[in-house]
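Enquirer: You'll find input_22.txt just under this line, and it carries compact mmCIF, C-alpha atoms and all ligand atoms.
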```
# COMPACT_ATOMS: atom_id res chain seq x y z
CA MET G 26 -85.70 13.61 120.24
CA LYS G 27 -88.96 12.41 121.75
CA ARG G 28 -89.90 14.02 125.04
CA ILE G 29 -91.79 11.82 127.50
CA VAL G 30 -92.99 12.17 131.08
CA ILE G 31 -92.93 9.12 133.34
CA LYS G 32 -95.08 9.15 136.45
CA VAL G 33 -94.54 6.62 139.19
CA GLY G 34 -97.15 6.21 141.92
CA SER G 35 -96.55 5.75 145.61
CA HIS G 36 -97.85 2.15 145.56
CA VAL G 37 -95.05 1.24 143.18
CA LEU G 38 -92.32 3.15 144.94
CA THR G 39 -93.10 2.10 148.48
CA GLU G 40 -93.40 -1.18 150.32
CA LYS G 41 -94.72 -1.54 153.86
CA GLY G 42 -94.38 2.21 154.44
CA THR G 43 -90.78 2.53 153.24
CA VAL G 44 -89.18 3.17 149.86
CA ALA G 45 -89.04 0.02 147.70
CA LYS G 46 -85.35 0.19 146.82
CA SER G 47 -85.26 -2.56 144.20
CA ARG G 48 -88.22 -1.10 142.32
CA MET G 49 -86.63 2.34 142.42
CA MET G 50 -83.44 0.83 141.00
CA ALA G 51 -85.38 -0.89 138.19
CA LEU G 52 -87.01 2.44 137.33
CA VAL G 53 -83.66 4.24 137.35
CA GLU G 54 -82.18 1.60 135.06
CA LEU G 55 -85.14 1.92 132.66
CA ILE G 56 -84.76 5.71 132.54
CA ALA G 57 -81.03 5.39 131.91
CA THR G 58 -81.79 3.04 128.98
CA LEU G 59 -84.44 5.41 127.61
CA LYS G 60 -82.05 8.34 127.77
CA ALA G 61 -79.46 6.29 125.90
CA ASN G 62 -82.20 5.61 123.31
CA LYS G 63 -82.65 9.29 122.54
CA TYR G 64 -85.62 9.98 124.74
CA GLU G 65 -85.81 13.18 126.76
CA VAL G 66 -87.25 12.04 130.07
CA VAL G 67 -89.02 13.96 132.84
CA LEU G 68 -89.91 11.95 135.95
CA VAL G 69 -92.88 12.73 138.20
CA SER G 70 -92.32 10.82 141.40
CA SER G 71 -94.50 10.26 144.44
CA GLY G 72 -93.09 8.55 147.52
CA ALA G 73 -92.02 11.53 149.67
CA VAL G 74 -94.52 10.75 152.45
CA ALA G 75 -93.35 7.14 152.73
CA ALA G 76 -89.72 8.25 152.70
CA GLY G 77 -90.49 10.74 155.49
CA PHE G 78 -92.20 8.04 157.51
CA THR G 79 -89.00 6.00 157.60
CA LEU G 80 -87.35 8.92 159.44
CA LEU G 81 -90.24 10.03 161.65
CA PRO G 82 -93.25 7.73 162.06
CA LEU G 83 -96.01 10.36 162.33
CA ASP G 84 -99.65 9.29 162.08
CA ARG G 85 -100.43 9.45 158.37
CA SER G 86 -104.18 9.87 158.74
CA THR G 87 -104.13 13.68 158.91
CA ILE G 88 -103.29 15.88 155.95
CA ALA G 89 -101.02 18.17 157.99
CA ASN G 90 -98.99 15.17 159.14
CA ARG G 91 -98.70 13.94 155.55
CA GLN G 92 -97.52 17.41 154.51
CA ALA G 93 -94.91 17.31 157.27
CA LEU G 94 -93.85 13.80 156.21
CA ALA G 95 -93.54 14.92 152.60
CA ALA G 96 -91.32 17.82 153.69
CA ILE G 97 -89.14 15.40 155.66
CA GLY G 98 -89.12 12.71 152.97
CA GLN G 99 -88.64 14.74 149.80
CA PRO G 100 -84.89 15.38 150.34
CA LEU G 101 -84.37 11.73 151.31
CA LEU G 102 -86.21 10.54 148.20
CA LEU G 103 -84.11 12.82 146.03
CA SER G 104 -80.85 11.71 147.62
CA MET G 105 -81.82 8.09 146.91
CA TYR G 106 -82.50 8.96 143.28
CA GLN G 107 -79.24 10.90 143.08
CA GLU G 108 -77.27 7.96 144.40
CA ASN G 109 -78.91 5.51 141.99
CA PHE G 110 -78.65 7.73 138.91
CA ALA G 111 -74.98 8.39 139.70
CA LYS G 112 -74.35 4.68 139.02
CA PHE G 113 -75.30 5.48 135.41
CA ASP G 114 -73.35 8.77 135.41
CA LEU G 115 -76.61 10.70 135.28
CA LEU G 116 -77.47 13.87 137.13
CA CYS G 117 -80.96 14.45 138.43
CA SER G 118 -82.66 17.54 139.80
CA GLN G 119 -85.66 18.49 141.92
CA VAL G 120 -88.56 20.55 140.62
CA LEU G 121 -91.48 21.16 142.99
CA LEU G 122 -94.70 22.38 141.38
CA TYR G 123 -98.35 22.82 142.24
CA ALA G 124 -101.43 22.87 140.03
CA GLU G 125 -101.85 26.66 140.07
CA VAL G 126 -98.50 27.10 138.33
CA PHE G 127 -100.23 26.04 135.13
CA GLU G 128 -102.97 28.64 135.54
CA SER G 129 -100.42 31.39 134.93
CA GLN G 130 -98.78 31.59 131.52
CA GLU G 131 -95.88 33.44 133.07
CA HIS G 132 -95.20 30.83 135.76
CA THR G 133 -95.64 28.00 133.28
CA GLN G 134 -93.10 29.61 130.97
CA HIS G 135 -90.59 30.09 133.80
CA ALA G 136 -90.95 26.45 134.80
CA LYS G 137 -90.69 25.26 131.18
CA ASP G 138 -87.55 27.34 130.63
CA ALA G 139 -85.93 25.58 133.59
CA ILE G 140 -87.08 22.13 132.43
CA ASP G 141 -85.81 22.80 128.89
CA LYS G 142 -82.45 23.92 130.25
CA LEU G 143 -82.11 20.84 132.46
CA LEU G 144 -82.96 18.51 129.56
CA GLU G 145 -80.59 20.38 127.24
CA ASN G 146 -77.84 19.57 129.76
CA ASN G 147 -78.86 15.91 129.97
CA VAL G 148 -80.13 16.34 133.54
CA LEU G 149 -83.24 14.46 134.62
CA PRO G 150 -85.92 16.69 136.18
CA ILE G 151 -87.70 14.88 139.03
CA ILE G 152 -91.00 16.62 139.68
CA ASN G 153 -93.31 16.37 142.65
CA GLU G 154 -96.08 18.46 144.07
CA ASN G 155 -94.86 20.99 146.62
CA ASP G 156 -96.97 19.37 149.32
CA THR G 157 -96.26 21.91 152.04
CA VAL G 158 -98.00 24.69 150.09
CA SER G 159 -100.52 22.68 148.07
CA VAL G 160 -102.29 19.53 149.17
CA GLN G 161 -104.30 18.78 146.05
CA GLU G 162 -102.36 15.74 144.85
CA LEU G 163 -101.61 14.61 148.38
CA VAL G 164 -105.34 14.36 148.96
CA PHE G 165 -106.76 13.30 145.57
CA GLY G 166 -104.60 12.42 142.68
CA ASP G 167 -101.27 10.91 143.75
CA ASN G 168 -99.72 13.07 141.01
CA ASP G 169 -101.86 11.65 138.16
CA ARG G 170 -103.31 15.05 137.33
CA LEU G 171 -100.08 16.92 137.94
CA SER G 172 -98.23 14.62 135.55
CA ALA G 173 -100.81 15.20 132.78
CA HIS G 174 -100.30 18.94 133.14
CA VAL G 175 -96.55 18.48 133.17
CA ALA G 176 -96.75 16.46 129.93
CA HIS G 177 -98.96 19.00 128.18
CA TYR G 178 -97.42 22.27 129.31
CA PHE G 179 -93.82 21.08 129.02
CA ASP G 180 -94.57 19.73 125.56
CA ALA G 181 -94.09 15.97 125.91
CA ASN G 182 -95.67 13.69 123.32
CA LEU G 183 -96.44 10.97 125.79
CA LEU G 184 -97.18 10.48 129.49
CA VAL G 185 -96.32 7.04 130.86
CA ILE G 186 -98.09 6.15 134.10
CA LEU G 187 -96.45 3.31 135.98
CA SER G 188 -99.11 1.93 138.27
CA ASP G 189 -99.95 -0.95 140.58
CA ILE G 190 -102.28 -2.08 137.79
CA ASP G 191 -100.83 -3.28 134.47
CA ALA G 192 -103.50 -1.74 132.21
CA PHE G 193 -106.99 -0.25 132.01
CA TYR G 194 -109.69 -2.94 132.03
CA ASP G 195 -113.38 -2.95 131.15
CA LYS G 196 -114.01 -3.34 134.90
CA ASP G 197 -111.86 -3.45 138.04
CA PRO G 198 -109.64 -6.56 137.66
CA ASN G 199 -109.09 -6.68 141.41
CA GLN G 200 -112.79 -7.36 141.81
CA TYR G 201 -113.75 -9.25 138.66
CA ASP G 202 -111.86 -12.27 137.34
CA ASP G 203 -113.35 -11.85 133.87
CA ALA G 204 -112.16 -8.24 133.45
CA LYS G 205 -110.66 -7.72 130.01
CA ARG G 206 -107.70 -5.50 129.19
CA ARG G 207 -108.31 -2.59 126.85
CA ALA G 208 -105.16 -2.37 124.72
CA VAL G 209 -106.03 0.89 122.97
CA VAL G 210 -108.53 3.49 124.15
CA THR G 211 -109.55 6.29 121.80
CA TYR G 212 -112.55 7.67 123.69
CA ILE G 213 -113.46 7.96 127.38
CA SER G 214 -117.12 8.42 128.21
CA LYS G 215 -118.52 11.14 130.46
CA GLU G 216 -119.78 8.45 132.81
CA GLU G 217 -116.27 6.99 133.21
CA LEU G 218 -114.79 10.43 133.82
CA GLU G 219 -117.35 11.38 136.41
CA ALA G 220 -117.25 8.09 138.29
CA ALA G 221 -115.13 9.82 140.92
CA HIS G 222 -118.11 11.88 142.03
CA THR G 223 -120.14 8.83 143.05
CA PRO G 224 -118.04 6.85 145.51
CA THR G 225 -120.52 3.97 145.52
CA ASN G 226 -119.87 3.37 141.85
CA GLU G 227 -117.73 0.23 141.50
CA PHE G 228 -115.89 1.92 138.71
CA ALA G 229 -114.49 4.54 141.04
CA THR G 230 -112.45 2.22 143.22
CA GLY G 231 -108.73 2.77 143.32
CA GLY G 232 -107.16 5.62 141.49
CA ILE G 233 -108.28 4.67 138.00
CA VAL G 234 -110.58 7.67 137.60
CA THR G 235 -107.84 10.26 138.05
CA LYS G 236 -105.85 8.30 135.45
CA LEU G 237 -108.76 8.40 133.00
CA GLN G 238 -109.17 12.14 133.59
CA SER G 239 -105.48 12.61 132.85
CA ALA G 240 -105.75 10.50 129.70
CA ASP G 241 -108.81 12.48 128.57
CA PHE G 242 -107.06 15.80 129.13
CA LEU G 243 -104.04 14.68 127.10
CA MET G 244 -106.11 13.17 124.27
CA LYS G 245 -108.05 16.43 123.97
CA HIS G 246 -104.70 18.16 123.50
CA GLY G 247 -103.49 15.71 120.88
CA ARG G 248 -101.14 13.85 123.20
CA GLU G 249 -100.96 10.24 124.31
CA MET G 250 -100.84 8.33 127.57
CA PHE G 251 -99.59 4.82 128.22
CA LEU G 252 -100.66 3.02 131.41
CA ALA G 253 -98.57 0.03 132.42
CA SER G 254 -97.29 -1.89 135.42
CA GLY G 255 -94.66 -0.28 137.62
CA PHE G 256 -93.94 -3.61 139.32
CA ASP G 257 -92.81 -5.36 136.17
CA LEU G 258 -91.32 -2.96 133.63
CA ALA G 259 -91.28 -5.46 130.72
CA ASP G 260 -94.37 -3.98 129.00
CA VAL G 261 -93.23 -0.39 129.19
CA ARG G 262 -89.76 -1.42 128.06
CA SER G 263 -91.04 -3.22 124.96
CA PHE G 264 -93.43 -0.38 124.15
CA LEU G 265 -90.84 2.39 124.41
CA ILE G 266 -87.67 0.64 123.38
CA ASP G 267 -88.74 -2.14 120.98
CA GLY G 268 -91.83 -0.36 119.66
CA GLU G 269 -93.97 -3.40 120.51
CA HIS G 270 -97.26 -2.99 122.30
CA ARG G 271 -97.64 -6.19 124.34
CA GLY G 272 -99.28 -5.26 127.63
CA GLY G 273 -100.53 -1.95 129.01
CA THR G 274 -103.10 0.49 127.62
CA LEU G 275 -102.41 3.21 125.07
CA PHE G 276 -104.76 6.18 125.21
CA THR G 277 -104.59 7.93 121.87
CA THR G 278 -106.70 9.80 119.37
CA SER G 279 -104.54 8.83 116.41
CA LYS G 280 -105.83 5.93 114.33
CA THR G 281 -102.44 4.35 113.60
P1 LIG E 301 -101.33 3.94 141.56
O1 LIG E 301 -100.92 3.63 142.94
O2 LIG E 301 -100.45 3.33 140.57
O3 LIG E 301 -101.53 5.39 141.31
P2 LIG E 301 -104.11 3.24 142.09
O4 LIG E 301 -104.08 2.13 143.08
O5 LIG E 301 -104.41 4.59 142.58
O6 LIG E 301 -102.77 3.23 141.26
O7 LIG E 301 -105.17 2.90 140.93
C1 LIG E 301 -105.18 1.65 140.28
C2 LIG E 301 -106.28 0.77 140.83
O8 LIG E 301 -107.52 1.11 140.22
C3 LIG E 301 -106.11 -0.70 140.50
O9 LIG E 301 -105.33 -1.38 141.44
C4 LIG E 301 -107.55 -1.24 140.45
O10 LIG E 301 -107.94 -1.91 141.63
C5 LIG E 301 -108.42 0.00 140.34
N1 LIG E 301 -109.33 -0.06 139.21
C6 LIG E 301 -110.66 0.22 139.25
N2 LIG E 301 -111.24 0.08 138.07
C7 LIG E 301 -110.27 -0.30 137.20
C8 LIG E 301 -110.25 -0.59 135.80
N3 LIG E 301 -111.36 -0.51 135.04
N4 LIG E 301 -109.07 -0.93 135.21
C9 LIG E 301 -107.94 -0.97 135.96
N5 LIG E 301 -107.88 -0.71 137.29
C10 LIG E 301 -109.04 -0.38 137.92
```
In structure tokens, how does this file's structure come out?
Expert:
Amino acid sequence: MKRIVIKVGSHVLTEKGTVAKSRMMALVELIATLKANKYEVVLVSSGAVAAGFTLLPLDRSTIANRQALAAIGQPLLLSMYQENFAKFDLLCSQVLLYAEVFESQEHTQHAKDAIDKLLENNVLPIINENDTVSVQELVFGDNDRLSAHVAHYFDANLLVILSDIDAFYDKDPNQYDDAKRRAVVTYISKEELEAAHTPTNEFATGGIVTKLQSADFLMKHGREMFLASGFDLADVRSFLIDGEHRGGTLFTTSKT
């Protein structure tokens, strides 16, 4: 059975500050189909802050407030997932991690044991950063980095990032009309990876750099990443279910 990690960003899962229910439902339906197609699926989901905001509209400009909102919203987000997955007779579970877990072999093994056990019992692990004790992803990565670590250390072949952008382009498509989609990427340059450190660089707009860093990390460990739209799941569906690569970008080191 092929193990995959799916990461959904907060832009996809939220709309005007609240949880985008129809998009969540489409994601749940896709995961149910994947599980029926013999995939083992782990979900990394953002969206806790937006969910919290629907219950208590705190000012989101400070990190401490976002931490508080995440703490409020995480159980709501999970109960929404639970309700939706129940329609497909699927159980889901909550696993809260933080980057440092993967710095300890012992902690990584404990977490992997739990993930393996959940998957063995056909339960979907839904992972998020534990934002009240660690603010790394809340501040920088929107779970891009966390999901790459999850894929590698929990031994998934592929990380699927469902984004507000439908692929990786040769330049930012929101700024340039002539941007061209890169269907397959086998190498990411140092300049592209370090674009985050120079905020004036046009390349560094949006969250594409953390996605490239995640792709680079996985490729260096012999794993793959697929970046596709989270608004329209047709490309990810055809890639994973029909084996047809229509849209989206595959980051891979294999030549096939
Ligand atoms: P998400 O919310 O899914 O995590 P982000 O908004 O953080 O996604 O990052 C995706 C954004 O990165 C796109 O909307 C796009 O404007 C920007 N971007 C910058 N350069 C590129 C590029 N070369 N290819 C694709 N997107 C890019």
Enquirer: Can you list, as a ChimeraX atom specification, every protein, DNA or RNA residue that comes within 9 Å of Ala136 in chain G when you count all atoms listed in the file, leaving out same-chain residues fewer than 4 positions away?
Expert: /G:120,122,126,131-132,140-141,179
Enquirer: May I have the residues within 6 Å of ligand LIG 301 (chain E), computed using only C-alpha atoms and all ligand atoms, as JSON, numbers by chain?
Expert: {"G": [34, 35, 36, 188, 189, 190, 192, 193, 194, 195, 196, 197, 199, 228, 230, 231, 232, 233]}
Enquirer: Kindly export the residues of the current selection with C-alpha atoms, as a short mmCIF file (atom, residue, chain, number, x, y, z; two decimals), in the frame of the given file.
Expert:
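Final output, saved to part37.cif:
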```cif
data_model
loop_
_atom_site.label_atom_id
_atom_site.label_comp_id
_atom_site.auth_asym_id
_atom_site.auth_seq_id
_atom_site.Cartn_x
_atom_site.Cartn_y
_atom_site.Cartn_z
CA GLY G 34 -97.15 6.21 141.92
CA SER G 35 -96.55 5.75 145.61
CA HIS G 36 -97.85 2.15 145.56
CA SER G 188 -99.11 1.93 138.27
CA ASP G 189 -99.95 -0.95 140.58
CA ILE G 190 -102.28 -2.08 137.79
CA ALA G 192 -103.50 -1.74 132.21
CA PHE G 193 -106.99 -0.25 132.01
CA TYR G 194 -109.69 -2.94 132.03
CA ASP G 195 -113.38 -2.95 131.15
CA LYS G 196 -114.01 -3.34 134.90
CA ASP G 197 -111.86 -3.45 138.04
CA ASN G 199 -109.09 -6.68 141.41
CA PHE G 228 -115.89 1.92 138.71
CA THR G 230 -112.45 2.22 143.22
CA GLY G 231 -108.73 2.77 143.32
CA GLY G 232 -107.16 5.62 141.49
CA ILE G 233 -108.28 4.67 138.00
#
```
Enquirer: Would you pick out the contacts of Asn90 in chain G at 12 Å or less, using all atoms listed in the file, so that residues sharing its chain but fewer than 3 positions from it are not included, and give the list as a ChimeraX atom specification?
Expert: /G:74-75,77-78,81-87,93-98,156-157,160,163
Enquirer: Around (-104.4, 5.7, 124.3) in the file's frame, which residues reach within 12 Å when counting all atoms listed in the file? Return as a JSON list (two decimals) with C-alpha atoms, in the frame of the given file?
Expert:
```
[["chain", "number", "residue", "atom", "x", "y", "z"],
["G", 182, "ASN", "CA", -95.67, 13.69, 123.32],
["G", 183, "LEU", "CA", -96.44, 10.97, 125.79],
["G", 184, "LEU", "CA", -97.18, 10.48, 129.49],
["G", 185, "VAL", "CA", -96.32, 7.04, 130.86],
["G", 186, "ILE", "CA", -98.09, 6.15, 134.10],
["G", 192, "ALA", "CA", -103.50, -1.74, 132.21],
["G", 193, "PHE", "CA", -106.99, -0.25, 132.01],
["G", 207, "ARG", "CA", -108.31, -2.59, 126.85],
["G", 208, "ALA", "CA", -105.16, -2.37, 124.72],
["G", 209, "VAL", "CA", -106.03, 0.89, 122.97],
["G", 210, "VAL", "CA", -108.53, 3.49, 124.15],
["G", 211, "THR", "CA", -109.55, 6.29, 121.80],
["G", 212, "TYR", "CA", -112.55, 7.67, 123.69],
["G", 213, "ILE", "CA", -113.46, 7.96, 127.38],
["G", 236, "LYS", "CA", -105.85, 8.30, 135.45],
["G", 237, "LEU", "CA", -108.76, 8.40, 133.00],
["G", 239, "SER", "CA", -105.48, 12.61, 132.85],
["G", 240, "ALA", "CA", -105.75, 10.50, 129.70],
["G", 241, "ASP", "CA", -108.81, 12.48, 128.57],
["G", 242, "PHE", "CA", -107.06, 15.80, 129.13],
["G", 243, "LEU", "CA", -104.04, 14.68, 127.10],
["G", 244, "MET", "CA", -106.11, 13.17, 124.27],
["G", 245, "LYS", "CA", -108.05, 16.43, 123.97],
["G", 247, "GLY", "CA", -103.49, 15.71, 120.88],
["G", 248, "ARG", "CA", -101.14, 13.85, 123.20],
["G", 249, "GLU", "CA", -100.96, 10.24, 124.31],
["G", 250, "MET", "CA", -100.84, 8.33, 127.57],
["G", 251, "PHE", "CA", -99.59, 4.82, 128.22],
["G", 252, "LEU", "CA", -100.66, 3.02, 131.41],
["G", 253, "ALA", "CA", -98.57, 0.03, 132.42],
["G", 270, "HIS", "CA", -97.26, -2.99, 122.30],
["G", 273, "GLY", "CA", -100.53, -1.95, 129.01],
["G", 274, "THR", "CA", -103.10, 0.49, 127.62],
["G", 275, "LEU", "CA", -102.41, 3.21, 125.07],
["G", 276, "PHE", "CA", -104.76, 6.18, 125.21],
["G", 277, "THR", "CA", -104.59, 7.93, 121.87],
["G", 278, "THR", "CA", -106.70, 9.80, 119.37],
["G", 279, "SER", "CA", -104.54, 8.83, 116.41],
["G", 280, "LYS", "CA", -105.83, 5.93, 114.33],
["G", 281, "THR", "CA", -102.44, 4.35, 113.60]]
```
Enquirer: Measuring between all atoms listed in the file, which one of G:Asn147, G:Leu38, G:Glu108, G:His174 shows the shortest distance to Ala51 in chain G?
Expert: G:Leu38
Enquirer: Mind giving me the straight-line distance from CA of Leu116 in chain G to CA of Leu149 in chain G in Å, one decimal?
Expert: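 It comes out at 6.3 Å.
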Enquirer: Applying 8 Å and only C-alpha atoms, which residues near Leu102 in chain G remain after dropping the ones on its own chain fewer than 5 positions away? List them as a PDB file with C-alpha atoms, in the frame of the given file.
Expert:
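Now in out-v1.pdb:
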```pdb
ATOM      1  CA  GLY G  72     -93.090   8.550 147.520  1.00  0.00           C
ATOM      2  CA  ALA G  73     -92.020  11.530 149.670  1.00  0.00           C
ATOM      3  CA  ALA G  76     -89.720   8.250 152.700  1.00  0.00           C
TER       4      ALA G  76
END
```
Enquirer: Separation of CA of Tyr123 in chain G and CA of Glu216 in chain G, in Å?
Expert: 27.5 Å
Enquirer: Restricting the calculation to all atoms listed in the file: of G:Leu121, G:Leu55, G:Ala204, G:Val234, which residue gets closest to Ile152 in chain G?
Expert: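 For Ile152 in chain G, the nearest of the given residues is G:Leu121.
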Enquirer: Padding 8 Å on every side, please: axis-aligned box over the listed atoms of range 204-210 of chain G, centre and edge lengths to one decimal in Å, as AutoDock Vina command-line options.
Expert:
```
--center_x -108.7 --center_y -2.4 --center_z 128.2 --size_x 23.0 --size_y 27.7 --size_z 26.5
```
Enquirer: When distances are computed from only C-alpha atoms, which of G:Thr58, G:Ser118, G:Ser159, G:Ser129 shows the smallest separation from Lys142 in chain G?
Expert: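 For Lys142 in chain G, the nearest of the candidates is G:Ser118.
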Enquirer: Work out how far apart CA of Asp260 in chain G and CA of Leu103 in chain G are and give it in Å to one decimal.
Expert: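 Those two atoms sit 26.0 Å apart.
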Enquirer: Some atoms are missing, so please complete range 58-69 of chain G with N, CA, C and O atoms and return it as a PDB file, in the frame of the given file.
Expert:
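Below is the file part-v1.pdb, written as the result:
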```pdb
ATOM      1  N   THR G  58     -81.712   3.666 130.312  1.00  0.00           N
ATOM      2  CA  THR G  58     -81.790   3.040 128.980  1.00  0.00           C
ATOM      3  C   THR G  58     -82.555   3.940 128.011  1.00  0.00           C
ATOM      4  O   THR G  58     -82.162   4.109 126.856  1.00  0.00           O
ATOM      5  N   LEU G  59     -83.648   4.528 128.485  1.00  0.00           N
ATOM      6  CA  LEU G  59     -84.440   5.410 127.610  1.00  0.00           C
ATOM      7  C   LEU G  59     -83.619   6.612 127.175  1.00  0.00           C
ATOM      8  O   LEU G  59     -83.665   7.025 126.016  1.00  0.00           O
ATOM      9  N   LYS G  60     -82.859   7.168 128.107  1.00  0.00           N
ATOM     10  CA  LYS G  60     -82.050   8.340 127.770  1.00  0.00           C
ATOM     11  C   LYS G  60     -80.963   7.956 126.756  1.00  0.00           C
ATOM     12  O   LYS G  60     -80.648   8.743 125.865  1.00  0.00           O
ATOM     13  N   ALA G  61     -80.460   6.747 126.877  1.00  0.00           N
ATOM     14  CA  ALA G  61     -79.460   6.290 125.900  1.00  0.00           C
ATOM     15  C   ALA G  61     -80.120   6.017 124.550  1.00  0.00           C
ATOM     16  O   ALA G  61     -79.446   5.965 123.529  1.00  0.00           O
ATOM     17  N   ASN G  62     -81.456   5.834 124.542  1.00  0.00           N
ATOM     18  CA  ASN G  62     -82.200   5.610 123.310  1.00  0.00           C
ATOM     19  C   ASN G  62     -82.828   6.885 122.767  1.00  0.00           C
ATOM     20  O   ASN G  62     -83.867   6.862 122.123  1.00  0.00           O
ATOM     21  N   LYS G  63     -82.229   8.001 123.102  1.00  0.00           N
ATOM     22  CA  LYS G  63     -82.650   9.290 122.540  1.00  0.00           C
ATOM     23  C   LYS G  63     -84.036   9.759 122.972  1.00  0.00           C
ATOM     24  O   LYS G  63     -84.750  10.406 122.229  1.00  0.00           O
ATOM     25  N   TYR G  64     -84.410   9.387 124.167  1.00  0.00           N
ATOM     26  CA  TYR G  64     -85.620   9.980 124.740  1.00  0.00           C
ATOM     27  C   TYR G  64     -85.186  11.096 125.686  1.00  0.00           C
ATOM     28  O   TYR G  64     -84.190  10.953 126.410  1.00  0.00           O
ATOM     29  N   GLU G  65     -85.948  12.174 125.699  1.00  0.00           N
ATOM     30  CA  GLU G  65     -85.810  13.180 126.760  1.00  0.00           C
ATOM     31  C   GLU G  65     -86.814  12.776 127.821  1.00  0.00           C
ATOM     32  O   GLU G  65     -88.008  12.659 127.523  1.00  0.00           O
ATOM     33  N   VAL G  66     -86.350  12.561 129.044  1.00  0.00           N
ATOM     34  CA  VAL G  66     -87.250  12.040 130.070  1.00  0.00           C
ATOM     35  C   VAL G  66     -87.419  13.041 131.221  1.00  0.00           C
ATOM     36  O   VAL G  66     -86.460  13.645 131.698  1.00  0.00           O
ATOM     37  N   VAL G  67     -88.675  13.205 131.630  1.00  0.00           N
ATOM     38  CA  VAL G  67     -89.020  13.960 132.840  1.00  0.00           C
ATOM     39  C   VAL G  67     -89.712  12.959 133.758  1.00  0.00           C
ATOM     40  O   VAL G  67     -90.600  12.231 133.319  1.00  0.00           O
ATOM     41  N   LEU G  68     -89.295  12.902 135.020  1.00  0.00           N
ATOM     42  CA  LEU G  68     -89.910  11.950 135.950  1.00  0.00           C
ATOM     43  C   LEU G  68     -90.795  12.701 136.948  1.00  0.00           C
ATOM     44  O   LEU G  68     -90.375  13.713 137.524  1.00  0.00           O
ATOM     45  N   VAL G  69     -92.019  12.223 137.127  1.00  0.00           N
ATOM     46  CA  VAL G  69     -92.880  12.730 138.200  1.00  0.00           C
ATOM     47  C   VAL G  69     -92.959  11.624 139.240  1.00  0.00           C
ATOM     48  O   VAL G  69     -93.440  10.525 138.947  1.00  0.00           O
TER      49      VAL G  69
END
```
